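Peer 1: Please see the structure below; I have some questions.
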Amino acid sequence: MVGLPGSGKSTWLEKLGVSAISSDSIRQLLADDPTDQTLHARVFATMRYLVRHRLALGRPATYVDATHLTPEERAPYLKLAAVYGCPVEAVFFHVSVEECLERNRRRDRNVPEEAIRAMQSKLVPPAPEEGFDRITVVADCVPSGEPG
Ligand SMILES: Nc1ncnc2c1ncn2[C@@H]1O[C@H](COP(=O)(O)OP(=O)(O)OP(=O)(O)O)[C@@H](O)[C@H]1O
Ligand SMILES: [Mg+2]
């Protein structure tokens with residue numbers, strides 16, 4: 001998944017009916033708080049660890065739910081996939097920052113507006129040159145087809 005806070009990543013996965021490796025749930029597991037932003041490196045190391053074990057087990061699909069806004073943040077998954085010889089799809093939530101802010105205001109867990117605006121300025125949409133086998137663009141939360 002690639003998208004700003006409030007863009008609908010977790011909602012989309014929920015509608016798809018899959019369980020994802022989610023940075024919020026890892027924060028909860030590690031620090032008893034899904035909003036704790038102080039454990040960034042540990043949270044993402046744990047996510048990669050889980051992805052690696054799923055790939056080693058040969059699971060048919062693995063979903064990773066985090067913002068993944070830059071090629072640098074996405075590269076570790078492409079590297080892992082290369083090691084295990086499996087394809088990688090980016091699902092990009094192409095939602096305007098104003099819409100993300102509005103959705104974020106309406107939900108229980110509110111990411112600070114300044115944080116979302118700062119993230120918008122570093123967002124780089126996923127590109128084929130990064131090594132993705134498929135890039136899917138989602139403009140609303142309804143899954144448009146069979147992913148992956
Ligand atoms: N297509 C949509 N149209 C309108 N509202 C939506 C849509 N998708 C999600 N929402 C609502 O927007 C809010 C944010 O969605 P969601 O929590 O899925 O975003 P997220 O991308 O997972 O954010 P975060 O990165 O902070 O976890 C939720 O309240 C959700 O119900
Ligand atoms: Mg989410």
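Identifiers in the structure tokens: chain A, B, ... in order shown; residue index from 1 per chain; ligand index from 1 in order shown.
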Set the cut-off to 10 Å, count only C-alpha atoms and all ligand atoms, and list whatever residues fall near ligand 1 as a ChimeraX atom specification.
Peer 2: /A:1-15,22-25,34-35,65-68,93,95,99-111,116,138-143
Peer 1: To test your reading of the structure, identify every residue in range 89-129 of chain A that backbone DSSP assigns to alpha helix (DSSP H), and report it as a ChimeraX atom specification.
Peer 2: /A:97-106,113-122
Peer 1: State, in Å with one decimal place, the distance from CA of Pro71 in chain A to CA of His53 in chain A.
Peer 2: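 Between CA of Pro71 in chain A and CA of His53 in chain A the gap is 22.6 Å.
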Peer 1: For Ala56 in chain A, find every residue with an atom within 12 Å (counting only C-alpha atoms), except residues of its own chain fewer than 2 positions away, and show them as JSON, numbers by chain.
Peer 2: {"A": [49, 50, 51, 52, 53, 54, 58, 59, 60, 61, 62, 80, 81, 83, 84, 85, 86]}
Peer 1: Among chain A, which ones does DSSP place in strand (DSSP E or B), written as a PDB file with C-alpha atoms, in the first residue's frame?
Peer 2:
```
ATOM      1  CA  VAL A   2       1.138   3.548  -0.725  1.00  0.00           C
ATOM      2  CA  ILE A  21       0.989  -6.525   8.191  1.00  0.00           C
ATOM      3  CA  SER A  22       0.214  -3.058   9.422  1.00  0.00           C
ATOM      4  CA  VAL A  64       1.749  -4.431   3.879  1.00  0.00           C
ATOM      5  CA  ASP A  65      -0.243  -1.531   5.312  1.00  0.00           C
ATOM      6  CA  GLU A  89       2.429  -4.824  -6.612  1.00  0.00           C
ATOM      7  CA  ALA A  90       2.095  -1.227  -5.419  1.00  0.00           C
ATOM      8  CA  VAL A  91      -1.455  -0.153  -4.603  1.00  0.00           C
ATOM      9  CA  PHE A  92      -1.396   3.644  -4.723  1.00  0.00           C
ATOM     10  CA  PHE A  93      -4.191   5.578  -2.997  1.00  0.00           C
ATOM     11  CA  ARG A 134       2.182  -4.015 -11.209  1.00  0.00           C
ATOM     12  CA  ILE A 135       0.942  -0.605 -10.013  1.00  0.00           C
ATOM     13  CA  THR A 136      -2.725  -0.248  -9.160  1.00  0.00           C
ATOM     14  CA  VAL A 137      -4.215   3.187  -8.559  1.00  0.00           C
ATOM     15  CA  VAL A 138      -7.152   3.430  -6.179  1.00  0.00           C
TER      16      VAL A 138
END
```
Peer 1: Of the candidates A:Glu129, A:Thr46, A:Ala75, A:Tyr63, which shows the shortest atom-to-atom distance to Val18 in chain A, using only C-alpha atoms?
Peer 2: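 Residue with the minimum atom-to-atom distance to Val18 in chain A: A:Tyr63.
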Peer 1: For Leu30 in chain A, find every residue with an atom within 9 Å (counting only C-alpha atoms), except residues of its own chain fewer than 6 positions away, and show them as a list in words.
Peer 2: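 So, after excluding close chain neighbours, the residues are Leu39, Arg42 and Val43 of chain A.
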Peer 1: Can those selected residues be exported to a file as a compact mmCIF listing (two decimals), in the first residue's frame so that it contains C-alpha atoms?
Peer 2:
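And here's out33.txt as it stands now:
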```txt
# COMPACT_ATOMS: atom_id res chain seq x y z
CA LEU A 39 9.85 3.43 17.26
CA ARG A 42 12.04 -1.06 15.07
CA VAL A 43 8.51 -1.07 13.67
```
Peer 1: As an mmCIF file with N, CA and C atoms, in the first residue's frame, please: the residues near Glu72 in chain A (cut-off 12 Å, only C-alpha atoms, same-chain neighbours under 3 positions excluded).
Peer 2:
```
data_model
loop_
_atom_site.group_PDB
_atom_site.id
_atom_site.type_symbol
_atom_site.label_atom_id
_atom_site.label_comp_id
_atom_site.auth_asym_id
_atom_site.auth_seq_id
_atom_site.Cartn_x
_atom_site.Cartn_y
_atom_site.Cartn_z
ATOM 1 N N HIS A 68 4.382 4.265 3.194
ATOM 2 C CA HIS A 68 5.336 3.937 2.122
ATOM 3 C C HIS A 68 5.398 5.018 1.049
ATOM 4 N N LEU A 69 5.711 6.251 1.477
ATOM 5 C CA LEU A 69 5.559 7.408 0.593
ATOM 6 C C LEU A 69 6.693 7.612 -0.406
ATOM 7 N N ALA A 75 11.742 0.328 -1.176
ATOM 8 C CA ALA A 75 12.827 -0.514 -1.703
ATOM 9 C C ALA A 75 13.041 -1.820 -0.926
ATOM 10 N N PRO A 76 12.943 -1.816 0.421
ATOM 11 C CA PRO A 76 13.206 -3.070 1.142
ATOM 12 C C PRO A 76 12.299 -4.218 0.707
ATOM 13 N N TYR A 77 11.048 -3.918 0.334
ATOM 14 C CA TYR A 77 10.129 -4.980 -0.073
ATOM 15 C C TYR A 77 10.506 -5.519 -1.456
ATOM 16 N N LEU A 78 10.974 -4.625 -2.308
ATOM 17 C CA LEU A 78 11.383 -5.059 -3.645
ATOM 18 C C LEU A 78 12.627 -5.945 -3.543
ATOM 19 N N LYS A 79 13.505 -5.602 -2.601
ATOM 20 C CA LYS A 79 14.702 -6.409 -2.381
ATOM 21 C C LYS A 79 14.326 -7.794 -1.858
ATOM 22 N N LYS A 122 6.435 15.039 0.738
ATOM 23 C CA LYS A 122 7.474 14.054 0.379
ATOM 24 C C LYS A 122 6.939 12.853 -0.417
ATOM 25 N N LEU A 123 5.631 12.841 -0.669
ATOM 26 C CA LEU A 123 5.035 11.721 -1.405
ATOM 27 C C LEU A 123 5.562 11.628 -2.842
ATOM 28 N N VAL A 124 6.082 10.467 -3.189
ATOM 29 C CA VAL A 124 6.486 10.179 -4.574
ATOM 30 C C VAL A 124 5.659 8.972 -5.019
ATOM 31 N N PRO A 125 4.751 9.147 -5.989
ATOM 32 C CA PRO A 125 3.945 8.001 -6.418
ATOM 33 C C PRO A 125 4.835 6.849 -6.894
ATOM 34 N N PRO A 126 4.401 5.626 -6.665
ATOM 35 C CA PRO A 126 5.215 4.481 -7.096
ATOM 36 C C PRO A 126 5.352 4.443 -8.608
ATOM 37 N N GLU A 130 10.999 1.543 -10.137
ATOM 38 C CA GLU A 130 11.388 1.018 -8.817
ATOM 39 C C GLU A 130 11.431 -0.505 -8.813
#
```
Peer 1: Choose the residue, out of A:Leu55, A:Ala127, A:Ala118, A:Ile26, that has the smallest atom-to-atom separation from ligand 2; count only C-alpha atoms and all ligand atoms.
Peer 2: A:Ile26
